[in-house]
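Structure file target-v6.txt; described as compact mmCIF, C-alpha atoms and all ligand atoms.
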```
# COMPACT_ATOMS: atom_id res chain seq x y z
CA MET U 44 76.76 -12.33 -2.88
CA PRO U 45 75.38 -15.66 -1.56
CA ARG U 46 72.44 -15.20 0.76
CA ARG U 47 71.46 -17.20 3.78
CA ALA U 48 68.04 -17.96 5.15
CA ILE U 49 66.30 -14.79 6.33
CA ARG U 50 65.00 -14.90 9.85
CA VAL U 51 61.57 -13.47 10.53
CA GLY U 52 60.72 -13.89 14.20
CA HIS U 53 61.41 -17.50 15.15
CA ASN U 54 60.59 -18.81 11.64
CA ALA U 55 63.32 -19.42 9.14
CA TRP U 56 63.12 -20.87 5.68
CA SER U 57 65.51 -20.94 2.81
CA MET U 58 64.32 -19.74 -0.55
CA PRO U 59 65.91 -22.64 -2.49
CA GLU U 60 63.97 -25.09 -0.28
CA LEU U 61 60.68 -23.28 -0.88
CA ILE U 62 61.32 -23.07 -4.62
CA ALA U 63 62.09 -26.81 -4.65
CA LYS U 64 58.93 -27.53 -2.66
CA LYS U 65 56.80 -25.80 -5.28
CA ARG U 66 58.84 -27.26 -8.14
CA ASP U 67 58.05 -30.74 -6.82
CA GLY U 68 54.32 -30.01 -6.57
CA GLY U 69 54.21 -29.20 -2.85
CA HIS U 70 51.92 -26.77 -1.06
CA LEU U 71 53.29 -23.49 0.34
CA ASN U 72 51.59 -22.54 3.57
CA ASP U 73 50.43 -19.05 4.54
CA SER U 74 53.48 -18.29 6.74
CA GLU U 75 55.88 -19.38 4.00
CA ILE U 76 54.13 -17.21 1.39
CA GLN U 77 54.04 -14.21 3.73
CA TRP U 78 57.74 -14.71 4.43
CA ILE U 79 58.57 -14.81 0.73
CA ILE U 80 56.58 -11.67 -0.14
CA ARG U 81 57.94 -9.76 2.84
CA GLY U 82 61.51 -10.75 1.96
CA TYR U 83 60.98 -9.83 -1.69
CA THR U 84 59.39 -6.45 -0.85
CA ASP U 85 62.27 -5.64 1.52
CA GLY U 86 64.83 -6.52 -1.15
CA LEU U 87 66.16 -9.54 0.77
CA ILE U 88 65.02 -12.11 -1.77
CA PRO U 89 66.67 -11.50 -5.16
CA GLU U 90 64.89 -11.38 -8.50
CA TYR U 91 66.48 -14.63 -9.70
CA GLN U 92 64.95 -16.60 -6.86
CA MET U 93 61.53 -14.99 -7.34
CA SER U 94 61.77 -15.72 -11.03
CA ALA U 95 62.50 -19.40 -10.34
CA LEU U 96 59.56 -19.52 -7.94
CA ALA U 97 57.29 -17.86 -10.52
CA MET U 98 58.24 -20.49 -13.10
CA ALA U 99 57.60 -23.29 -10.59
CA ILE U 100 54.13 -21.79 -9.95
CA VAL U 101 53.47 -21.53 -13.70
CA TRP U 102 54.12 -25.30 -13.97
CA ARG U 103 52.68 -26.58 -10.71
CA GLY U 104 49.87 -24.09 -10.09
CA MET U 105 48.55 -23.11 -6.68
CA SER U 106 45.58 -24.18 -4.60
CA ASP U 107 42.94 -21.56 -3.73
CA GLU U 108 44.42 -21.42 -0.25
CA GLU U 109 47.89 -20.62 -1.62
CA THR U 110 46.48 -18.12 -4.14
CA ALA U 111 44.56 -16.35 -1.38
CA SER U 112 47.70 -16.21 0.81
CA LEU U 113 49.70 -14.76 -2.09
CA THR U 114 46.95 -12.21 -2.85
CA PHE U 115 46.71 -11.05 0.76
CA ALA U 116 50.49 -10.97 1.26
CA MET U 117 50.89 -8.79 -1.87
CA ARG U 118 47.98 -6.56 -0.81
CA ASP U 119 49.62 -6.12 2.60
CA SER U 120 53.05 -5.35 1.10
CA GLY U 121 51.96 -1.69 1.00
CA THR U 122 49.19 0.51 2.28
CA THR U 123 45.49 -0.19 1.88
CA MET U 124 43.26 2.78 1.14
CA ASN U 125 40.79 3.52 3.89
CA LEU U 126 37.52 4.42 2.19
CA SER U 127 35.43 4.39 5.36
CA ALA U 128 34.87 8.15 4.99
CA VAL U 129 33.08 7.53 1.68
CA SER U 130 29.38 7.15 2.40
CA ARG U 131 28.49 5.37 -0.88
CA PRO U 132 29.26 1.72 -1.70
CA CYS U 133 32.70 1.57 -3.40
CA ILE U 134 32.66 -0.67 -6.47
CA ASP U 135 35.32 -0.88 -9.19
CA LYS U 136 35.52 -2.55 -12.60
CA HIS U 137 38.61 -4.25 -13.98
CA SER U 138 39.30 -5.52 -17.48
CA THR U 139 42.01 -8.07 -18.17
CA GLY U 140 42.97 -6.00 -21.21
CA GLY U 141 42.20 -5.81 -24.87
CA VAL U 142 42.23 -3.63 -27.98
CA GLY U 143 39.92 -0.61 -28.23
CA ASP U 144 38.67 -1.15 -24.66
CA LYS U 145 37.73 2.32 -23.46
CA VAL U 146 34.79 1.11 -21.33
CA SER U 147 36.17 2.54 -18.05
CA ILE U 148 36.05 6.11 -19.38
CA CYS U 149 32.32 6.03 -20.13
CA LEU U 150 31.32 3.56 -17.42
CA ALA U 151 32.88 5.34 -14.40
CA PRO U 152 30.85 8.60 -14.65
CA MET U 153 27.66 6.72 -15.58
CA VAL U 154 27.87 4.42 -12.54
CA ALA U 155 28.92 7.26 -10.24
CA ALA U 156 25.96 9.33 -11.49
CA CYS U 157 23.71 6.52 -10.18
CA GLY U 158 25.08 6.86 -6.63
CA VAL U 159 27.99 4.38 -6.49
CA ALA U 160 31.52 5.50 -5.61
CA VAL U 161 33.93 4.31 -8.31
CA PRO U 162 37.52 4.28 -7.04
CA MET U 163 38.96 3.42 -10.42
CA ILE U 164 42.63 2.46 -10.32
CA SER U 165 43.77 1.76 -13.86
CA GLY U 166 46.91 0.71 -15.64
CA ARG U 167 48.91 1.63 -18.71
CA GLY U 168 48.98 -0.17 -22.02
CA LEU U 169 51.52 -2.93 -22.43
CA GLY U 170 52.19 -5.13 -25.44
CA HIS U 171 49.32 -5.05 -27.92
CA THR U 172 46.75 -3.87 -25.35
CA GLY U 173 45.85 -0.30 -24.47
CA GLY U 174 45.57 1.15 -20.97
CA THR U 175 42.99 3.53 -19.48
CA LEU U 176 45.66 5.81 -17.94
CA ASP U 177 47.22 6.50 -21.34
CA LYS U 178 43.80 7.25 -22.80
CA LEU U 179 42.90 9.63 -19.96
CA GLU U 180 46.25 11.38 -20.22
CA SER U 181 45.42 12.33 -23.80
CA ILE U 182 43.09 14.92 -22.19
CA PRO U 183 45.32 18.02 -21.90
CA GLY U 184 46.37 18.57 -18.28
CA PHE U 185 44.59 15.48 -16.87
CA GLY U 186 46.53 14.11 -13.88
CA VAL U 187 46.32 10.47 -12.80
CA ASP U 188 48.46 10.78 -9.65
CA MET U 189 46.67 11.62 -6.43
CA ASN U 190 47.51 11.24 -2.76
CA PRO U 191 45.14 9.06 -0.69
CA SER U 192 43.44 11.94 1.14
CA ARG U 193 42.60 13.76 -2.10
CA PHE U 194 41.45 10.46 -3.61
CA VAL U 195 39.02 9.90 -0.74
CA ARG U 196 37.80 13.54 -0.86
CA GLN U 197 37.11 13.34 -4.60
CA LEU U 198 35.34 10.00 -4.18
CA GLN U 199 33.13 11.51 -1.51
CA SER U 200 32.37 14.72 -3.44
CA LEU U 201 32.10 13.44 -7.03
CA GLY U 202 31.70 9.68 -6.56
CA CYS U 203 34.60 8.90 -8.86
CA ALA U 204 38.35 9.29 -9.18
CA LEU U 205 40.38 7.91 -12.06
CA ILE U 206 43.97 7.31 -11.00
CA GLY U 207 46.99 5.01 -11.42
CA GLN U 208 48.43 2.53 -8.91
CA THR U 209 50.37 4.57 -6.33
CA LYS U 210 53.85 3.44 -5.32
CA ASP U 211 52.58 2.42 -1.88
CA MET U 212 49.80 0.24 -3.26
CA ALA U 213 50.71 -3.46 -3.49
CA PRO U 214 54.40 -2.70 -4.24
CA ALA U 215 55.24 -6.42 -4.20
CA ASP U 216 52.89 -6.92 -7.15
CA LYS U 217 54.39 -3.98 -9.03
CA ARG U 218 57.87 -5.53 -8.84
CA PHE U 219 56.72 -9.10 -9.31
CA TYR U 220 54.61 -8.21 -12.37
CA ALA U 221 57.57 -6.43 -14.02
CA LEU U 222 59.70 -9.52 -13.30
CA ARG U 223 57.05 -11.91 -14.68
CA ASP U 224 56.74 -9.79 -17.79
CA VAL U 225 60.41 -10.43 -18.70
CA THR U 226 60.62 -14.07 -17.55
CA ALA U 227 57.65 -15.52 -19.49
CA THR U 228 55.72 -16.13 -16.27
CA VAL U 229 52.67 -13.91 -16.77
CA GLU U 230 50.49 -16.79 -18.01
CA SER U 231 49.52 -18.41 -14.75
CA ILE U 232 46.00 -18.28 -13.37
CA PRO U 233 46.99 -18.05 -9.67
CA LEU U 234 49.66 -15.43 -10.40
CA ILE U 235 47.27 -13.30 -12.51
CA THR U 236 44.55 -13.69 -9.86
CA ALA U 237 46.85 -12.59 -7.04
CA SER U 238 48.24 -9.73 -9.11
CA ILE U 239 44.86 -8.27 -10.10
CA LEU U 240 43.15 -8.78 -6.74
CA SER U 241 46.04 -7.60 -4.55
CA LYS U 242 45.90 -4.17 -6.26
CA LYS U 243 42.13 -4.01 -6.19
CA LEU U 244 41.88 -5.05 -2.53
CA ALA U 245 44.52 -2.45 -1.63
CA SER U 246 42.25 0.22 -3.11
CA GLY U 247 39.70 -0.44 -0.36
CA ILE U 248 36.75 -1.51 -2.57
CA SER U 249 33.71 -3.38 -1.29
CA GLY U 250 32.89 -4.99 -4.64
CA LEU U 251 34.41 -5.62 -8.04
CA VAL U 252 33.15 -6.44 -11.51
CA LEU U 253 35.69 -8.20 -13.73
CA ASP U 254 35.68 -8.14 -17.50
CA VAL U 255 37.70 -11.22 -18.44
CA LYS U 256 38.44 -10.90 -22.11
CA THR U 257 38.95 -13.89 -24.36
CA GLY U 258 39.96 -14.21 -28.00
CA GLN U 259 42.79 -13.27 -30.33
CA GLY U 260 43.26 -9.82 -28.78
CA ALA U 261 43.14 -11.01 -25.15
CA PHE U 262 45.75 -12.57 -22.86
CA MET U 263 43.41 -15.54 -22.39
CA LYS U 264 43.04 -16.82 -25.94
CA THR U 265 40.39 -19.47 -25.30
CA PRO U 266 37.08 -19.32 -23.39
CA GLU U 267 38.29 -22.33 -21.32
CA GLU U 268 41.34 -20.40 -20.04
CA ALA U 269 39.28 -17.24 -19.50
CA ARG U 270 36.65 -19.23 -17.57
CA LEU U 271 39.30 -20.69 -15.28
CA LEU U 272 40.69 -17.21 -14.60
CA ALA U 273 37.23 -15.72 -14.02
CA ARG U 274 36.32 -18.53 -11.58
CA SER U 275 39.59 -18.13 -9.74
CA LEU U 276 39.09 -14.34 -9.41
CA VAL U 277 35.53 -14.79 -8.12
CA ARG U 278 36.55 -17.51 -5.61
CA ILE U 279 39.52 -15.59 -4.20
CA GLY U 280 37.45 -12.37 -4.13
CA ARG U 281 34.90 -14.20 -1.99
CA LEU U 282 37.64 -15.46 0.33
CA ALA U 283 38.57 -11.77 0.74
CA LYS U 284 34.90 -11.20 1.72
CA LYS U 285 34.22 -8.96 -1.28
CA ARG U 286 31.35 -9.16 -3.72
CA VAL U 287 32.96 -10.09 -7.01
CA SER U 288 31.27 -10.85 -10.35
CA ALA U 289 32.95 -11.73 -13.62
CA PHE U 290 31.94 -11.62 -17.27
CA LEU U 291 33.64 -13.41 -20.13
CA THR U 292 33.61 -11.03 -23.10
CA ASN U 293 34.74 -11.48 -26.67
CA MET U 294 38.02 -9.87 -27.70
CA ASP U 295 38.46 -11.43 -31.13
CA ALA U 296 37.76 -8.05 -32.72
CA PRO U 297 38.60 -4.62 -31.25
CA LEU U 298 35.88 -3.10 -29.06
CA GLY U 299 34.23 -0.11 -30.72
CA ARG U 300 35.72 1.53 -33.80
CA ALA U 301 38.58 3.61 -32.39
CA VAL U 302 42.01 2.24 -31.49
CA GLY U 303 44.60 4.71 -30.14
CA ASN U 304 44.52 6.91 -27.07
CA ALA U 305 42.91 10.25 -27.99
CA LEU U 306 40.71 8.58 -30.61
CA GLU U 307 39.40 6.15 -27.97
CA THR U 308 38.82 8.91 -25.42
CA LYS U 309 36.78 10.78 -28.01
CA GLU U 310 34.75 7.62 -28.70
CA ALA U 311 34.05 7.16 -24.98
CA PHE U 312 32.73 10.75 -24.85
CA GLU U 313 30.46 9.90 -27.80
CA VAL U 314 28.85 7.19 -25.65
CA LEU U 315 28.28 9.71 -22.85
CA ASN U 316 26.70 11.98 -25.47
CA GLY U 317 24.18 9.32 -26.50
CA GLY U 318 26.11 7.94 -29.49
CA GLY U 319 29.13 5.67 -29.92
CA PRO U 320 29.39 2.13 -31.26
CA GLU U 321 26.80 -0.44 -30.18
CA ASP U 322 29.27 -3.00 -28.81
CA LEU U 323 30.98 -0.40 -26.64
CA LEU U 324 27.64 0.74 -25.24
CA GLU U 325 26.54 -2.88 -24.65
CA CYS U 326 29.71 -3.75 -22.73
CA THR U 327 29.42 -0.55 -20.67
CA LEU U 328 25.77 -1.17 -19.79
CA VAL U 329 26.25 -4.84 -18.83
CA LEU U 330 29.31 -4.23 -16.62
CA GLY U 331 27.86 -1.01 -15.17
CA ALA U 332 24.51 -2.63 -14.34
CA GLU U 333 26.35 -5.36 -12.44
CA MET U 334 28.21 -2.70 -10.44
CA LEU U 335 24.84 -1.19 -9.52
CA ARG U 336 23.53 -4.63 -8.56
CA LEU U 337 26.54 -5.37 -6.34
CA SER U 338 26.08 -1.99 -4.65
CA GLY U 339 22.44 -2.83 -3.85
CA ILE U 340 21.06 0.12 -5.88
CA VAL U 341 19.18 -2.22 -8.24
CA LYS U 342 18.11 -5.86 -8.06
CA GLY U 343 18.95 -6.95 -11.61
CA GLN U 344 20.56 -6.23 -14.98
CA ALA U 345 17.51 -4.72 -16.68
CA ALA U 346 16.87 -2.16 -13.94
CA GLY U 347 20.59 -1.32 -13.80
CA GLN U 348 20.80 -0.77 -17.55
CA ARG U 349 17.72 1.49 -17.50
CA LEU U 350 19.25 3.63 -14.77
CA LEU U 351 22.53 3.92 -16.67
CA GLU U 352 20.76 4.82 -19.92
CA GLN U 353 18.95 7.55 -18.04
CA THR U 354 22.29 9.13 -17.02
CA ILE U 355 23.09 9.47 -20.72
CA LYS U 356 19.65 10.78 -21.68
CA ASP U 357 19.49 13.43 -18.95
CA GLY U 358 23.15 14.43 -19.36
CA THR U 359 24.14 13.68 -15.74
CA ALA U 360 26.98 11.31 -16.74
CA LEU U 361 28.43 13.83 -19.18
CA ARG U 362 28.22 16.68 -16.67
CA LEU U 363 29.86 14.50 -14.04
CA MET U 364 32.67 13.57 -16.44
CA LYS U 365 33.37 17.27 -16.97
CA ARG U 366 33.59 17.80 -13.20
CA ILE U 367 35.94 14.80 -12.84
CA ILE U 368 38.18 16.14 -15.62
CA ARG U 369 38.28 19.59 -14.01
CA ALA U 370 38.96 18.10 -10.55
CA GLN U 371 41.92 16.22 -12.04
CA HIS U 372 43.25 19.42 -13.70
CA GLY U 373 42.21 18.47 -17.23
CA ASP U 374 40.70 20.65 -19.92
CA ALA U 375 36.98 19.73 -19.78
CA ARG U 376 36.33 21.62 -23.03
CA VAL U 377 37.49 18.44 -24.84
CA ILE U 378 34.03 16.99 -24.30
CA GLU U 379 32.29 19.65 -26.43
CA GLU U 380 35.32 20.36 -28.58
CA PRO U 381 37.06 17.01 -29.13
CA ASP U 382 39.43 18.68 -31.62
CA ARG U 383 41.24 19.93 -28.53
CA LEU U 384 42.45 16.34 -28.00
CA PRO U 385 45.87 15.58 -29.52
CA ARG U 386 45.67 14.71 -33.19
CA ALA U 387 48.17 13.08 -35.50
CA PRO U 388 49.07 15.37 -38.40
CA TYR U 389 48.29 12.87 -41.19
CA THR U 390 45.59 10.38 -42.08
CA CYS U 391 45.53 7.70 -44.72
CA THR U 392 42.68 5.45 -45.76
CA ILE U 393 42.75 1.75 -46.51
CA LYS U 394 40.02 0.69 -48.91
CA ALA U 395 38.31 -2.65 -49.54
CA LYS U 396 39.86 -4.64 -52.37
CA ALA U 397 36.82 -6.88 -52.74
CA THR U 398 33.08 -6.88 -52.12
CA GLY U 399 31.79 -9.24 -49.43
CA PHE U 400 31.13 -9.56 -45.72
CA VAL U 401 33.56 -8.89 -42.88
CA HIS U 402 34.17 -12.24 -41.19
CA SER U 403 36.63 -11.06 -38.56
CA ILE U 404 38.98 -8.27 -37.54
CA ASP U 405 42.06 -9.63 -35.82
CA ALA U 406 42.28 -7.58 -32.62
CA TYR U 407 45.83 -8.78 -31.94
CA GLY U 408 47.00 -7.69 -35.43
CA ILE U 409 45.30 -4.29 -35.08
CA GLY U 410 46.77 -3.90 -31.58
CA ARG U 411 50.28 -4.61 -32.92
CA VAL U 412 49.87 -2.02 -35.68
CA SER U 413 48.65 0.49 -33.10
CA VAL U 414 51.82 -0.09 -31.04
CA ALA U 415 53.96 0.27 -34.19
CA LEU U 416 52.24 3.60 -34.96
CA GLY U 417 53.33 4.80 -31.51
CA ALA U 418 50.04 4.44 -29.58
CA GLY U 419 51.37 1.69 -27.30
CA ARG U 420 54.58 0.55 -25.71
CA GLU U 421 56.77 -2.55 -25.67
CA GLN U 422 58.67 -1.56 -22.52
CA VAL U 423 57.04 -0.24 -19.36
CA ASP U 424 58.75 3.19 -19.47
CA GLU U 425 58.42 3.97 -23.20
CA ALA U 426 56.72 7.22 -24.26
CA ILE U 427 53.56 6.99 -26.34
CA ASP U 428 52.03 9.22 -29.00
CA PRO U 429 48.47 10.11 -27.89
CA GLY U 430 47.28 11.26 -31.32
CA VAL U 431 47.99 8.24 -33.51
CA GLY U 432 45.74 5.23 -34.08
CA MET U 433 43.00 3.91 -36.31
CA ILE U 434 39.28 4.26 -36.93
CA LEU U 435 37.70 1.04 -38.17
CA HIS U 436 34.80 1.78 -40.51
CA MET U 437 33.38 -1.73 -40.41
CA LYS U 438 32.63 -4.42 -37.83
CA PRO U 439 32.37 -8.21 -38.20
CA GLY U 440 29.13 -9.04 -40.06
CA ASP U 441 29.10 -5.78 -42.09
CA LYS U 442 28.84 -5.80 -45.87
CA VAL U 443 31.66 -3.99 -47.68
CA VAL U 444 31.97 -3.05 -51.34
CA VAL U 445 35.16 -2.71 -53.30
CA GLY U 446 36.73 0.73 -52.89
CA GLN U 447 34.87 1.46 -49.63
CA PRO U 448 37.06 2.89 -46.83
CA LEU U 449 37.81 0.16 -44.27
CA VAL U 450 40.25 1.90 -41.95
CA THR U 451 41.47 5.47 -41.48
CA VAL U 452 44.95 5.48 -40.02
CA HIS U 453 46.09 8.54 -38.03
CA THR U 454 49.84 8.81 -38.35
CA ARG U 455 52.80 10.98 -37.45
CA THR U 456 54.36 10.42 -40.90
CA PRO U 457 52.91 11.56 -44.26
CA THR U 458 52.95 8.02 -45.64
CA LEU U 459 52.04 4.78 -43.95
CA PRO U 460 54.89 2.23 -44.16
CA ALA U 461 53.97 -0.57 -46.58
CA THR U 462 54.47 -3.23 -43.89
CA LEU U 463 51.90 -1.59 -41.61
CA ARG U 464 49.43 -1.18 -44.46
CA GLN U 465 49.88 -4.87 -45.26
CA ARG U 466 49.38 -5.89 -41.61
CA ILE U 467 46.12 -3.93 -41.44
CA ILE U 468 44.88 -5.54 -44.67
CA GLU U 469 45.80 -8.99 -43.32
CA ALA U 470 43.93 -8.31 -40.07
CA ILE U 471 40.59 -7.82 -41.86
CA HIS U 472 39.07 -10.98 -43.26
CA VAL U 473 36.40 -10.47 -45.92
CA GLY U 474 34.50 -13.43 -47.38
CA SER U 475 31.76 -13.81 -49.94
CA ARG U 476 29.14 -15.26 -47.52
CA PHE U 477 27.60 -13.59 -44.48
CA VAL U 478 28.89 -14.98 -41.18
CA SER U 479 27.10 -13.77 -38.07
CA PRO U 480 29.42 -12.13 -35.58
CA ALA U 481 30.10 -13.83 -32.24
CA PRO U 482 28.19 -12.43 -29.25
CA LEU U 483 30.05 -9.89 -27.14
CA ILE U 484 29.03 -11.14 -23.70
CA LEU U 485 29.85 -14.84 -23.54
CA GLU U 486 29.20 -15.79 -19.91
CA SER U 487 28.55 -14.28 -16.51
CA MET U 488 29.43 -15.38 -13.00
CA ARG U 489 27.59 -13.31 -10.43
CA GLY U 490 28.84 -12.85 -6.92
N1 LIG U 501 47.08 -7.79 -15.25
C1 LIG U 501 47.60 -7.70 -14.01
O1 LIG U 501 47.39 -6.71 -13.29
N2 LIG U 501 48.35 -8.71 -13.56
C2 LIG U 501 48.61 -9.82 -14.30
O2 LIG U 501 49.29 -10.69 -13.82
C3 LIG U 501 48.06 -9.90 -15.60
C4 LIG U 501 47.28 -8.87 -16.05
```

Just dump the structure as structure tokens.
Amino acid sequence: MPRRAIRVGHNAWSMPELIAKKRDGGHLNDSEIQWIIRGYTDGLIPEYQMSALAMAIVWRGMSDEETASLTFAMRDSGTTMNLSAVSRPCIDKHSTGGVGDKVSICLAPMVAACGVAVPMISGRGLGHTGGTLDKLESIPGFGVDMNPSRFVRQLQSLGCALIGQTKDMAPADKRFYALRDVTATVESIPLITASILSKKLASGISGLVLDVKTGQGAFMKTPEEARLLARSLVRIGRLAKKRVSAFLTNMDAPLGRAVGNALETKEAFEVLNGGGPEDLLECTLVLGAEMLRLSGIVKGQAAGQRLLEQTIKDGTALRLMKRIIRAQHGDARVIEEPDRLPRAPYTCTIKAKATGFVHSIDAYGIGRVSVALGAGREQVDEAIDPGVGMILHMKPGDKVVVGQPLVTVHTRTPTLPATLRQRIIEAIHVGSRFVSPAPLILESMRG
């Protein structure tokens, strides 16, 4: 049915005119953006018009002023959590998504054990990337839905709650993101900025540390793109009067050794137990120390990292994680008895065909295999298999000898399809000369 201009108070615009304005490189003012987001949230502006606008923004971009207006309009499309009852500073961490990224699961209890409240609102895996909610849900009974009053109570009592975006939180972003996902309009710095920050601002935080991933396994393939996104997030965060820092981190190879939901959760527990892969621990300490710095608990990275390491050594982070799991109805015995986590019935090992040095492990390729095994989803509402995945027995820079196990694949089927085996082999590049691996932390922008 054809639609006419929607009237909001005495203002009236027509969506085709606003789309054309952006298409031609014009600037949308705050009232126009608010009008669009309100109309879209109320179902008055149809998906086809929003999709045309999204494409115009992808091509023409947005100024900081426009991006801030879009962020605030999407934040205000639903309810904002009121965390004033929480006496500690409320700082969250957000990653733009990668493969093997289970940092949130070890970082949240470590940071909370240092006295910060971590209102962690996470997402699900989509495409080749994993999501913290799926990993947490591999813990039997663990619930990620919580009403706002329980969320605030848990934050006050334990200093941490690990939940998903509620339906009332930035609903305009929820719809707009799903639309962008199917109209090839995700890749836009202002749209990604507004999407990430609208959700985070709606969660009532006072500060945010962003892990902007770059490389083959990230949405931002090059450091240049990632830098632009990180700068945009920090600038708009400041306009929202929040303390926001960003780190550019390498996502050419998967983070840690485990890829797949229960396997990754187990690896995060290993970090809390004083073990785990070095890169995972490094990423956790750097991001966590910045959260402590933003909260005012420490003055710099080194002091922050020492405090976090102490929470591992004295067991406070692990004990807190158990309490969080219990509070969210999960089976906390998984920490001491990780075999209680779901497990795939079969494993198969891929061995090195040559002796040499690992030059790279293609995170995107490994992420795609993980999805094909059933650990991830292509469509938002697909079910996932928590037990399947891979353990990588080598990292870039390691020496491997012929016949040595490279990857153990955890599968639902007794044999691994030949195509998946081939894709794993192709993802691991072994050369005769040693090549030093790229650093994990590439850049920092401190707010
Ligand atoms: N993650 C989000 O939450 N939004 C985007 O637009 C991209 C990644």

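Computed from the coordinates, the atom CA of U:Arg66 to atom CA of U:Thr84 distance equals 22.1 Å.
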
Legend entry - Close residues, stretch 376-388 of chain U itself excluded, 12 Å, all atoms listed in the file, min 5 positions apart in chain, as a PyMOL selection string: chain U and resi 149+178-185+303-316+360-369+416-418+427-433+451-458

Export of prior selection with C-alpha atoms as a short mmCIF file (atom, residue, chain, number, x, y, z; two decimals), keeping the file's coordinate frame:
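As written to disk, again38.cif reads:
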```cif
data_model
loop_
_atom_site.label_atom_id
_atom_site.label_comp_id
_atom_site.auth_asym_id
_atom_site.auth_seq_id
_atom_site.Cartn_x
_atom_site.Cartn_y
_atom_site.Cartn_z
CA CYS U 149 32.32 6.03 -20.13
CA LYS U 178 43.80 7.25 -22.80
CA LEU U 179 42.90 9.63 -19.96
CA GLU U 180 46.25 11.38 -20.22
CA SER U 181 45.42 12.33 -23.80
CA ILE U 182 43.09 14.92 -22.19
CA PRO U 183 45.32 18.02 -21.90
CA GLY U 184 46.37 18.57 -18.28
CA PHE U 185 44.59 15.48 -16.87
CA GLY U 303 44.60 4.71 -30.14
CA ASN U 304 44.52 6.91 -27.07
CA ALA U 305 42.91 10.25 -27.99
CA LEU U 306 40.71 8.58 -30.61
CA GLU U 307 39.40 6.15 -27.97
CA THR U 308 38.82 8.91 -25.42
CA LYS U 309 36.78 10.78 -28.01
CA GLU U 310 34.75 7.62 -28.70
CA ALA U 311 34.05 7.16 -24.98
CA PHE U 312 32.73 10.75 -24.85
CA GLU U 313 30.46 9.90 -27.80
CA VAL U 314 28.85 7.19 -25.65
CA LEU U 315 28.28 9.71 -22.85
CA ASN U 316 26.70 11.98 -25.47
CA ALA U 360 26.98 11.31 -16.74
CA LEU U 361 28.43 13.83 -19.18
CA ARG U 362 28.22 16.68 -16.67
CA LEU U 363 29.86 14.50 -14.04
CA MET U 364 32.67 13.57 -16.44
CA LYS U 365 33.37 17.27 -16.97
CA ARG U 366 33.59 17.80 -13.20
CA ILE U 367 35.94 14.80 -12.84
CA ILE U 368 38.18 16.14 -15.62
CA ARG U 369 38.28 19.59 -14.01
CA LEU U 416 52.24 3.60 -34.96
CA GLY U 417 53.33 4.80 -31.51
CA ALA U 418 50.04 4.44 -29.58
CA ILE U 427 53.56 6.99 -26.34
CA ASP U 428 52.03 9.22 -29.00
CA PRO U 429 48.47 10.11 -27.89
CA GLY U 430 47.28 11.26 -31.32
CA VAL U 431 47.99 8.24 -33.51
CA GLY U 432 45.74 5.23 -34.08
CA MET U 433 43.00 3.91 -36.31
CA THR U 451 41.47 5.47 -41.48
CA VAL U 452 44.95 5.48 -40.02
CA HIS U 453 46.09 8.54 -38.03
CA THR U 454 49.84 8.81 -38.35
CA ARG U 455 52.80 10.98 -37.45
CA THR U 456 54.36 10.42 -40.90
CA PRO U 457 52.91 11.56 -44.26
CA THR U 458 52.95 8.02 -45.64
#
```

Legend entry - Residues within 10 Å of ligand LIG 501 (chain U), counting only C-alpha atoms and all ligand atoms, as a VMD selection string: chain U and resid 137 to 140 165 to 166 169 216 to 217 219 to 221 223 to 224 228 to 243 262 to 263

Inset, instruction - Could you jot down the atom CA of U:Glu421 to atom CA of U:His171 separation for me, Å, one decimal place? - result: 8.2 Å

Could you give me the centre and size, in Å to one decimal, of an axis-aligned box around all listed atoms of stretch 295-305 of chain U with 5 Å added on every side, as JSON?
```
{"center_x": 39.4, "center_y": -0.6, "center_z": -30.4, "size_x": 20.4, "size_y": 31.7, "size_z": 16.7}
```

Inset, instruction - Could you tell me which of U:Leu201, U:Val146, U:Leu350, U:Ala63 comes closest to U:Leu324 if we count only C-alpha atoms? - result: U:Val146

Legend entry - Given only C-alpha atoms as the counted atoms, nearest of U:Gly68, U:Pro191, U:Gly408, U:Pro162 to U:Val142: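 So, comparing all the options, the nearest one is U:Gly408.
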
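Take atom CA of U:Val159 and atom CA of U:Leu126: the distance between them is 12.9 Å.
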
Inset, instruction - Find the spatial neighbours of U:Ile248, counting all atoms listed in the file, within a cut-off of 12 Å - ignore same-chain residues fewer than 5 positions away - and output them as a PyMOL selection string. - result: chain U and resi 123-127+129+131-137+159-164+195+198+240-243+280+283-287+334+337-338

Inset, instruction - Would you mind telling me which residue in U:Arg167, U:Arg193, U:Arg464, U:Thr226 lies nearest to U:Glu425 when using all atoms listed in the file? - result: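 Counting all atoms listed in the file, the residue closest to U:Glu425 is U:Arg167.
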
Legend entry - Residue among U:Gln371, U:His70, U:Pro320, U:Glu75 lying closest to U:Trp56, counting only C-alpha atoms: U:Glu75

Per-residue nearest contacts stretch 221-269 of chain U to stretch 289-302 of chain U, cut-off 9 Å, using all atoms listed in the file, as CSV:
```
residue,atom,partner,partner_atom,distance
U:Leu251,CA,U:Ala289,CA,8.4
U:Val252,CA,U:Ala289,CA,5.7
U:Leu253,CA,U:Ala289,CA,4.5
U:Asp254,CA,U:Phe290,CA,5.1
U:Val255,CA,U:Leu291,CA,4.9
U:Lys256,CA,U:Thr292,CA,4.9
U:Thr257,CA,U:Met294,CA,5.3
U:Gly258,CA,U:Asp295,CA,4.4
U:Gln259,CA,U:Asp295,CA,4.8
U:Gly260,CA,U:Met294,CA,5.4
U:Ala261,CA,U:Met294,CA,5.8
U:Lys264,CA,U:Met294,CA,8.8
U:Pro266,CA,U:Leu291,CA,7.6
U:Ala269,CA,U:Leu291,CA,6.8
```
